[in-house]
Amino acid sequence: EEIRLYGMKAQMVTQIAKAYYQEIKNLPKSEVFALCDDLWESGYFEEAAIACEWSYAQRHHFEPADFTVFEKWVTRNVSNWAACDTLCNHTVGTFLEMYPEFLVELKKWALSPNRWVRRASAVSLIVPARKGLFLNEIFELARILLTDQDDMVQKGYGWMLKVASQSGPGTQTAVFDFVMENKKVMPRTALRYAIEKMPADMKKMAMEKP
């Protein structure tokens, strides 16, 4: 997909987001989210990045009804990997830590015909995975996405598995066992991402042809 850019450096975009957030931080959350809607609708990545900064800044005010807003942005506005990851890593990931009852919704995202929604189902768990959270759900999503033919989805769920493997010896073993169990059908792109941070002996075993 074509990505619309102003061509600004990421650091400058972050500075703009933080500076102007000071002017809106006391508005009701609904008004902040309405401004985020406008930014998303512009189609420019830099404006989407500011929307992501502002929505994440509202995290202390998240409530269950906000899932509808976040899902709208994921399904209607996200159109590239950078926007997907920026929104899902922080805003959606934090929301799911606060309200884990919504984890079941990620399974629906994983079955979407939209590649970015499928990637979102995985990358929304990156930050929780770093904390050793939601391992069962991570494996459930990886099984749904296991044979996905889209490389961006493969990289997304492989990244999710890699981060999960780094949260402790137990999770590393669990991810390794998952890879070994499924490597006959697991795309090599996803497999390489999943084992990237594992010890050399584990990587060698995982990379051997089944």
# chains A, B, ... in the order shown; residues from 1 in each chain; ligands from 1

call {"tool": "residues_around", "arguments": {"residues": "Met207 in chain A", "least_positions_apart": "3", "cutoff": "8 Å", "atoms": "only C-alpha atoms", "output": "short mmCIF file (atom, residue, chain, number, x, y, z; two decimals) with N, CA, C and O atoms, in the first residue's frame"}}
result
data_model
loop_
_atom_site.label_atom_id
_atom_site.label_comp_id
_atom_site.auth_asym_id
_atom_site.auth_seq_id
_atom_site.Cartn_x
_atom_site.Cartn_y
_atom_site.Cartn_z
N ARG A 192 11.89 -17.89 11.97
CA ARG A 192 13.14 -17.16 12.23
C ARG A 192 12.93 -16.03 13.24
O ARG A 192 13.78 -15.79 14.10
N LYS A 203 18.32 -22.65 18.34
CA LYS A 203 18.12 -22.13 16.99
C LYS A 203 18.49 -23.18 15.95
O LYS A 203 17.79 -23.35 14.95
N LYS A 204 19.59 -23.87 16.18
CA LYS A 204 20.01 -24.90 15.24
C LYS A 204 18.98 -26.00 15.10
O LYS A 204 18.65 -26.43 14.00
#

call {"tool": "residues_around", "arguments": {"residues": "range 37-51 of chain A", "least_positions_apart": "3", "cutoff": "10 Å", "atoms": "only C-alpha atoms", "output": "ChimeraX atom specification"}}
result
/A:3-10,12-18,20-21,31-34,54-57,69,72-73,76-80,82-84,86-87

call {"tool": "write_last_selection", "arguments": {"atoms": "C-alpha atoms", "output": "PDB file, in the first residue's frame"}}
result
ATOM      1  CA  ILE A   3       2.014   5.373   2.600  1.00  0.00           C
ATOM      2  CA  ARG A   4       1.211   9.083   2.753  1.00  0.00           C
ATOM      3  CA  LEU A   5       3.939  11.067   4.475  1.00  0.00           C
ATOM      4  CA  TYR A   6       4.822  14.679   5.123  1.00  0.00           C
ATOM      5  CA  GLY A   7       8.407  13.505   5.427  1.00  0.00           C
ATOM      6  CA  MET A   8       8.983  14.606   9.013  1.00  0.00           C
ATOM      7  CA  LYS A   9      11.446  12.873  11.301  1.00  0.00           C
ATOM      8  CA  ALA A  10       9.943  10.730  14.051  1.00  0.00           C
ATOM      9  CA  MET A  12       9.877  15.973  15.504  1.00  0.00           C
ATOM     10  CA  VAL A  13       6.490  14.239  15.281  1.00  0.00           C
ATOM     11  CA  THR A  14       6.841  13.121  18.913  1.00  0.00           C
ATOM     12  CA  GLN A  15       7.775  16.649  19.964  1.00  0.00           C
ATOM     13  CA  ILE A  16       4.722  18.083  18.223  1.00  0.00           C
ATOM     14  CA  ALA A  17       2.462  15.445  19.797  1.00  0.00           C
ATOM     15  CA  LYS A  18       3.738  16.163  23.301  1.00  0.00           C
ATOM     16  CA  TYR A  20       0.109  20.107  21.645  1.00  0.00           C
ATOM     17  CA  TYR A  21      -1.116  17.498  24.100  1.00  0.00           C
ATOM     18  CA  GLU A  31     -13.035  15.085  22.868  1.00  0.00           C
ATOM     19  CA  VAL A  32      -9.418  13.901  22.778  1.00  0.00           C
ATOM     20  CA  PHE A  33     -10.528  10.766  20.957  1.00  0.00           C
ATOM     21  CA  ALA A  34     -12.562  12.884  18.536  1.00  0.00           C
ATOM     22  CA  TRP A  54      -2.629  11.151  22.382  1.00  0.00           C
ATOM     23  CA  SER A  55      -4.710   8.006  22.826  1.00  0.00           C
ATOM     24  CA  TYR A  56      -1.950   6.358  24.841  1.00  0.00           C
ATOM     25  CA  ALA A  57      -1.665   9.487  26.986  1.00  0.00           C
ATOM     26  CA  VAL A  69     -12.983   3.198  19.420  1.00  0.00           C
ATOM     27  CA  LYS A  72     -12.553   1.199  14.664  1.00  0.00           C
ATOM     28  CA  TRP A  73      -9.088   2.671  14.203  1.00  0.00           C
ATOM     29  CA  ARG A  76     -10.836   1.291   9.288  1.00  0.00           C
ATOM     30  CA  ASN A  77      -7.759   3.489   9.519  1.00  0.00           C
ATOM     31  CA  VAL A  78      -4.622   1.388   9.904  1.00  0.00           C
ATOM     32  CA  SER A  79      -3.082   0.845   6.480  1.00  0.00           C
ATOM     33  CA  ASN A  80       0.606   0.101   7.087  1.00  0.00           C
ATOM     34  CA  ALA A  82       4.105   1.352  11.310  1.00  0.00           C
ATOM     35  CA  ALA A  83       0.630   2.690  12.134  1.00  0.00           C
ATOM     36  CA  CYS A  84      -0.467  -0.798  13.153  1.00  0.00           C
ATOM     37  CA  THR A  86       2.383   2.225  16.972  1.00  0.00           C
ATOM     38  CA  LEU A  87      -1.290   1.966  17.888  1.00  0.00           C
TER      39      LEU A  87
END

call {"tool": "atom_distance", "arguments": {"atom1": "CA of Arg143 in chain A", "atom2": "CA of Thr171 in chain A"}}
result
16.4 Å

call {"tool": "atom_distance", "arguments": {"atom1": "CA of Asp85 in chain A", "atom2": "CA of Ile126 in chain A"}}
result
9.3 Å

call {"tool": "closest_residue", "arguments": {"among": "A:Leu135, A:Val123, A:Ala65, A:Leu103", "to": "Gly170 in chain A", "atoms": "only C-alpha atoms"}}
result
A:Leu135
